[in-house]
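Data block below; observations after.
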Protein chains: 4
Amino acid sequence: MRADARRNRERIIDAALGLFAERGPGAAMEEIARAAGLGVGTLYRHFPDRRALVEEIAVGALQDLRAEVRALEALDVPRGQVLERLVAYCAGQPFALIKALAEEDAAPAERRELQAEVDGLLEDLARRAQGEGTVRRDIAPREVVELFSTVVCRPGARADDALARVVLDGLRRDPAPRSP
Amino acid sequence: MRADARRNRERIIDAALGLFAERGPGAAMEEIARAAGLGVGTLYRHFPDRRALVEEIAVGALQDLRAEVRALEALDVPRGQVLERLVAYCAGQPFALIKALAEEDAAPAERRELQAEVDGLLEDLARRAQGEGTVRRDIAPREVVELFSTVVCRPGARADDALARVVLDGLRRDPAPRSP
Amino acid sequence: MRADARRNRERIIDAALGLFAERGPGAAMEEIARAAGLGVGTLYRHFPDRRALVEEIAVGALQDLRAEVRALEALDVPRGQVLERLVAYCAGQPFALIKALAEEDAAPAERRELQAEVDGLLEDLARRAQGEGTVRRDIAPREVVELFSTVVCRPGARADDALARVVLDGLRRDPAPRSP
Amino acid sequence: MRADARRNRERIIDAALGLFAERGPGAAMEEIARAAGLGVGTLYRHFPDRRALVEEIAVGALQDLRAEVRALEALDVPRGQVLERLVAYCAGQPFALIKALAEEDAAPAERRELQAEVDGLLEDLARRAQGEGTVRRDIAPREVVELFSTVVCRPGARADDALARVVLDGLRRDPAPRSP
DNA sequence: TATGAATGAGAATTCATTCAT
DNA sequence: AATGAATGAATTCTCATTCAT
């Protein structure tokens, strides 16, 4: 029964992601439950309210991203390529949707902390890449992270679309001299 | 009386933009009317339903943007700087908000056509800039427009923030040679 | 239209009192609205939530009671009879119901103050009656008020039922000597 | 096993009384089960539905009261003091709560009969006390019982609070002559 | 037999829209 | 033409009860 419950929990999250993607972040709880093949009551047993469900999705995505960042560091990928790899990873995740969902309410402490942690990891990455010379130095690490986030949180973002290419490329080089 | 009506229409749109900005795209019709100093009935006299109001805002913004593009062309601004100027213009407009509003429902014909027209103007611009050599050639004009849109439709976008700088900068030059 | 709205407000309160009496304090808002011949929306326009409706009823009853106490004082009814008159007045009001309703949530400031004021008036009354010798002196004024409230807040309370008679009678005389 | 079951049954009833007292008669079945250290399923094994649980509590209290009345009669307590003793007994029981619970639904036959029996016992008591002259005769035995019930079914009722004193005192003596 | 997960009917509340004044 | 009252469908959430394990 524990296994069953876990399965249902997964189903709910999947159904929610599906419906949010299809119908926007306003998808009704009832519909999510139905899409998961469950009654509303079951949904509410797993997530005490709408926020809790959204939160689970947001926090889950952040945790996965954190794991990914750590894995890349552990693999000793050359610093200059880590950002590319992360963009590629994120392109496979529904970050645009998750961002929209997360903006609905103020972030609770847990999410804020996790976000800060992930941002910290990414800033470190940016800082070290700047040290190595693989990311230009006139952009603050914090801004690099913001750029990364913009690149990655777009509906239909792909790792090799124009924005990703221009930004990753742009980060790698010193700024062009301003045209006169 | 006609003047009165026009004034009311303006007030409603202003109030709507204000409330949408403040409270998100979910702001209630009643509140918008109140913020405009009118009753709901009057709001509905001007806009038969919520969509019509949103539509007016979206279409208005596109028309303004079209006018701006044309004005810049008429002014004979050096092609290489037009994009910068447009980004600067857009940074002063609530495009992030408008994009969010516009995504709520499928775009009706009028908006689709206007959007296509503006996109066309911007693509022409990109194409000519590529001809002049002020925009790199390995990015399709359509993609340049998409880039532009991403840069410009962010909450709090500024003409000189990191994304704007990196993208405008990146567009100007040929791609960096891939690191070996 | 203002007249209409006022009428509707009255109807809602009447319907609510009726349904609360019939079905207990759990009567559904939808049913109350229907019983008033209105849609739920209208009910909610008049009372922003369930509490507000209950509060209106409770506060209204307290205000009426305060008016009654004052009227009796103004009429210069002999002090010894005022309590009887008040019991008679209250017997005609649904105080048992109102008490049950009011106990559902903590009293907000307005009601607490009004309650305190009414209690104060009644205590004064008791104190003066004790001064005159028409109410026995070994019961604190506050307790007299509590007694009054118990007599009056019973379902089906009547001004001449056994409890009312025994209590009013008991209040009038000095305590019986305890049987040995 | 039977002993276990009995213990669980007791625990449920205790938990229910506790929660009803704490949170009002709306306490949820799930919470009651938890408070009893059991799962809902077990609660429902003992009591087929909410009513059955409430009924058990109400009937139990009536049975205890009946036992108390009989015990007092068997002890040959002077009639004039039996009412006092009963009030004292009841003050220790949650009769106010039980009354509120019992009013939620119509009483089923079993409870009605038991109630009638207890009322009968109390009426007999009243009648005999009137015969002895320890209770005044102008109040019908049925009304005496009603009085008793009102005294005893108040939240926080105590055997020596104002109402109890005034009523018990009032019952003992002939009515005061009406003031002229 | 005990457990707690699942169910769904029901309740409160919101808000776009209509309509009487 | 302007107003704001009325409407009711849609939504979130709760809780008694059932049932699989």
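Letters A, B, ... mark the chains of the structure tokens in the order given; residue numbers begin at 1 per chain; ligand numbers begin at 1, in order shown.
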Exercise. Once you count only C-alpha atoms (C1' of nucleotides), which residues of chain A turn out to be within 10 Å of chain E? Could you give them as a ChimeraX atom specification?
Worked result: /A:1-2,4-5,38-43,45-46
File of the preceding selection, all heavy atoms, as a compact mmCIF listing (two decimals), in the first residue's frame:
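part.txt written:
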# COMPACT_ATOMS: atom_id res chain seq x y z
N MET A 1 0.85 -1.23 0.00
CA MET A 1 0.00 0.00 0.00
C MET A 1 0.87 1.26 0.00
O MET A 1 0.54 2.27 -0.59
CB MET A 1 -0.90 -0.02 1.24
CG MET A 1 -1.84 1.15 1.35
SD MET A 1 -3.47 1.26 0.57
CE MET A 1 -3.80 -0.19 -0.33
N ARG A 2 1.98 1.14 0.66
CA ARG A 2 2.93 2.24 0.58
C ARG A 2 3.41 2.43 -0.86
O ARG A 2 3.52 3.54 -1.35
CB ARG A 2 4.14 1.95 1.49
CG ARG A 2 5.33 2.79 1.19
CD ARG A 2 5.76 3.75 2.26
NE ARG A 2 4.84 4.20 3.20
CZ ARG A 2 5.10 4.42 4.49
NH1 ARG A 2 6.30 4.16 4.96
NH2 ARG A 2 4.19 4.89 5.29
N ASP A 4 1.79 1.58 -3.56
CA ASP A 4 0.65 2.16 -4.26
C ASP A 4 0.59 3.66 -4.06
O ASP A 4 0.42 4.42 -5.01
CB ASP A 4 -0.63 1.58 -3.67
CG ASP A 4 -1.33 0.71 -4.67
OD1 ASP A 4 -0.63 -0.08 -5.33
OD2 ASP A 4 -2.56 0.86 -4.81
N ALA A 5 0.71 4.07 -2.83
CA ALA A 5 0.62 5.50 -2.52
C ALA A 5 1.71 6.25 -3.24
O ALA A 5 1.47 7.32 -3.79
CB ALA A 5 0.70 5.72 -1.02
N LEU A 38 -7.52 9.45 -10.48
CA LEU A 38 -7.83 9.40 -9.04
C LEU A 38 -8.97 10.36 -8.70
O LEU A 38 -9.33 11.22 -9.52
CB LEU A 38 -6.59 9.80 -8.24
CG LEU A 38 -5.36 8.91 -8.42
CD1 LEU A 38 -4.13 9.60 -7.86
CD2 LEU A 38 -5.59 7.57 -7.75
N GLY A 39 -9.50 10.24 -7.51
CA GLY A 39 -10.50 11.19 -7.03
C GLY A 39 -9.81 12.40 -6.43
O GLY A 39 -8.64 12.34 -6.07
N VAL A 40 -10.52 13.52 -6.35
CA VAL A 40 -9.92 14.73 -5.76
C VAL A 40 -9.42 14.48 -4.37
O VAL A 40 -8.39 15.01 -3.97
CB VAL A 40 -10.91 15.90 -5.56
CG1 VAL A 40 -10.39 17.15 -6.17
CG2 VAL A 40 -12.30 15.54 -5.95
N GLY A 41 -10.19 13.71 -3.63
CA GLY A 41 -9.82 13.43 -2.24
C GLY A 41 -8.42 12.88 -2.14
O GLY A 41 -7.65 13.25 -1.26
N THR A 42 -8.08 12.00 -3.04
CA THR A 42 -6.76 11.39 -3.03
C THR A 42 -5.69 12.44 -3.29
O THR A 42 -4.66 12.48 -2.62
CB THR A 42 -6.69 10.29 -4.08
OG1 THR A 42 -7.78 9.41 -3.88
CG2 THR A 42 -5.40 9.52 -3.96
N LEU A 43 -5.98 13.29 -4.25
CA LEU A 43 -5.03 14.36 -4.52
C LEU A 43 -4.79 15.16 -3.25
O LEU A 43 -3.65 15.42 -2.87
CB LEU A 43 -5.59 15.25 -5.63
CG LEU A 43 -4.61 16.19 -6.31
CD1 LEU A 43 -5.25 16.79 -7.55
CD2 LEU A 43 -4.17 17.31 -5.42
N ARG A 45 -5.19 14.23 -0.24
CA ARG A 45 -4.50 13.50 0.81
C ARG A 45 -2.99 13.63 0.61
O ARG A 45 -2.23 13.77 1.56
CB ARG A 45 -4.90 12.03 0.80
CG ARG A 45 -3.98 11.15 1.65
CD ARG A 45 -4.48 9.73 1.71
NE ARG A 45 -5.59 9.63 2.64
CZ ARG A 45 -5.45 9.40 3.94
NH1 ARG A 45 -4.25 9.23 4.46
NH2 ARG A 45 -6.50 9.32 4.72
N HIS A 46 -2.58 13.64 -0.66
CA HIS A 46 -1.14 13.74 -0.93
C HIS A 46 -0.62 15.16 -0.81
O HIS A 46 0.51 15.38 -0.38
CB HIS A 46 -0.83 13.18 -2.31
CG HIS A 46 -0.89 11.69 -2.37
ND1 HIS A 46 0.14 10.90 -1.97
CD2 HIS A 46 -1.89 10.85 -2.74
CE1 HIS A 46 -0.20 9.63 -2.12
NE2 HIS A 46 -1.44 9.57 -2.57
Problem set entry | 12 Å contacts from chain D to chain F using only C-alpha atoms (C1' of nucleotides), as a VMD selection string | chain D and resid 26 to 31 40 to 41 43 to 45 47 to 51
Selected residues written out, N, CA and C atoms, as a compact mmCIF listing (two decimals), in the first residue's frame:
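Listing of selection37.txt after writing:
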# COMPACT_ATOMS: atom_id res chain seq x y z
N GLY D 26 -18.03 19.46 15.91
CA GLY D 26 -17.70 19.19 14.52
C GLY D 26 -16.44 18.36 14.34
N ALA D 27 -15.83 17.94 15.42
CA ALA D 27 -14.56 17.21 15.32
C ALA D 27 -14.67 16.06 14.31
N ALA D 28 -13.62 15.89 13.52
CA ALA D 28 -13.64 14.90 12.44
C ALA D 28 -13.36 13.49 12.94
N MET D 29 -13.97 12.53 12.29
CA MET D 29 -13.81 11.13 12.66
C MET D 29 -12.34 10.72 12.63
N GLU D 30 -11.65 11.14 11.62
CA GLU D 30 -10.23 10.84 11.50
C GLU D 30 -9.46 11.31 12.74
N GLU D 31 -9.75 12.50 13.17
CA GLU D 31 -9.05 13.05 14.34
C GLU D 31 -9.39 12.28 15.59
N VAL D 40 -8.86 5.12 11.33
CA VAL D 40 -10.30 5.33 11.14
C VAL D 40 -11.02 4.03 10.98
N GLY D 41 -10.37 3.13 10.28
CA GLY D 41 -10.99 1.83 10.00
C GLY D 41 -11.45 1.17 11.29
N LEU D 43 -12.09 2.63 14.12
CA LEU D 43 -13.20 3.38 14.68
C LEU D 43 -14.51 2.89 14.04
N TYR D 44 -14.48 2.76 12.73
CA TYR D 44 -15.71 2.36 12.03
C TYR D 44 -16.07 0.90 12.29
N ARG D 45 -15.09 0.11 12.70
CA ARG D 45 -15.45 -1.25 13.08
C ARG D 45 -16.29 -1.21 14.37
N PHE D 47 -18.04 1.58 15.53
CA PHE D 47 -19.25 2.40 15.37
C PHE D 47 -19.51 2.58 13.89
N PRO D 48 -20.59 2.00 13.39
CA PRO D 48 -20.79 1.97 11.94
C PRO D 48 -20.83 3.36 11.29
N ASP D 49 -21.23 4.36 12.02
CA ASP D 49 -21.14 5.71 11.47
C ASP D 49 -21.10 6.74 12.59
N ARG D 50 -20.97 7.99 12.20
CA ARG D 50 -20.82 9.06 13.18
C ARG D 50 -21.95 9.06 14.21
N ARG D 51 -23.15 8.91 13.72
CA ARG D 51 -24.30 8.89 14.62
C ARG D 51 -24.16 7.85 15.70
Problem set entry | Test item: chain A residues at most 8 Å from chain B, counting only C-alpha atoms, as a ChimeraX atom specification | /A:24,139,143-144,147,162-163,166-167,169-171,173,175-176
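For the pair CA of Val145 in chain C and CA of Gly60 in chain C, the separation is 19.4 Å.
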For this session: Find the residues near range 63-73 of chain A: any atom within 9 Å, counting only C-alpha atoms (C1' of nucleotides), skip ones fewer than 6 places away on the same chain, and give them as a PyMOL selection string.
Result: chain A and resi 79+82+85-86+89-90+114+117-118+121-122+125
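The interatomic distance for the pair CA of Arg11 in chain C and CA of Ala35 in chain C works out to 8.7 Å.
Residues in contact with Val54 in chain A at up to 9 Å, not including ones fewer than 4 positions away on its chain and judged by only C-alpha atoms (C1' of nucleotides), are Ile13, Ala16, Arg50, Ala58, Val59, Ile98, Leu101 and Ala102 of chain A.
The space between CA of Val87 in chain B and CA of Pro94 in chain A spans 27.5 Å.
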For this session: Using only C-alpha atoms, pick whichever of C:Ala116, C:Ala159, C:Leu19, C:Ala3 has the shortest atom-to-atom distance to Leu97 in chain C.
Result: C:Leu19
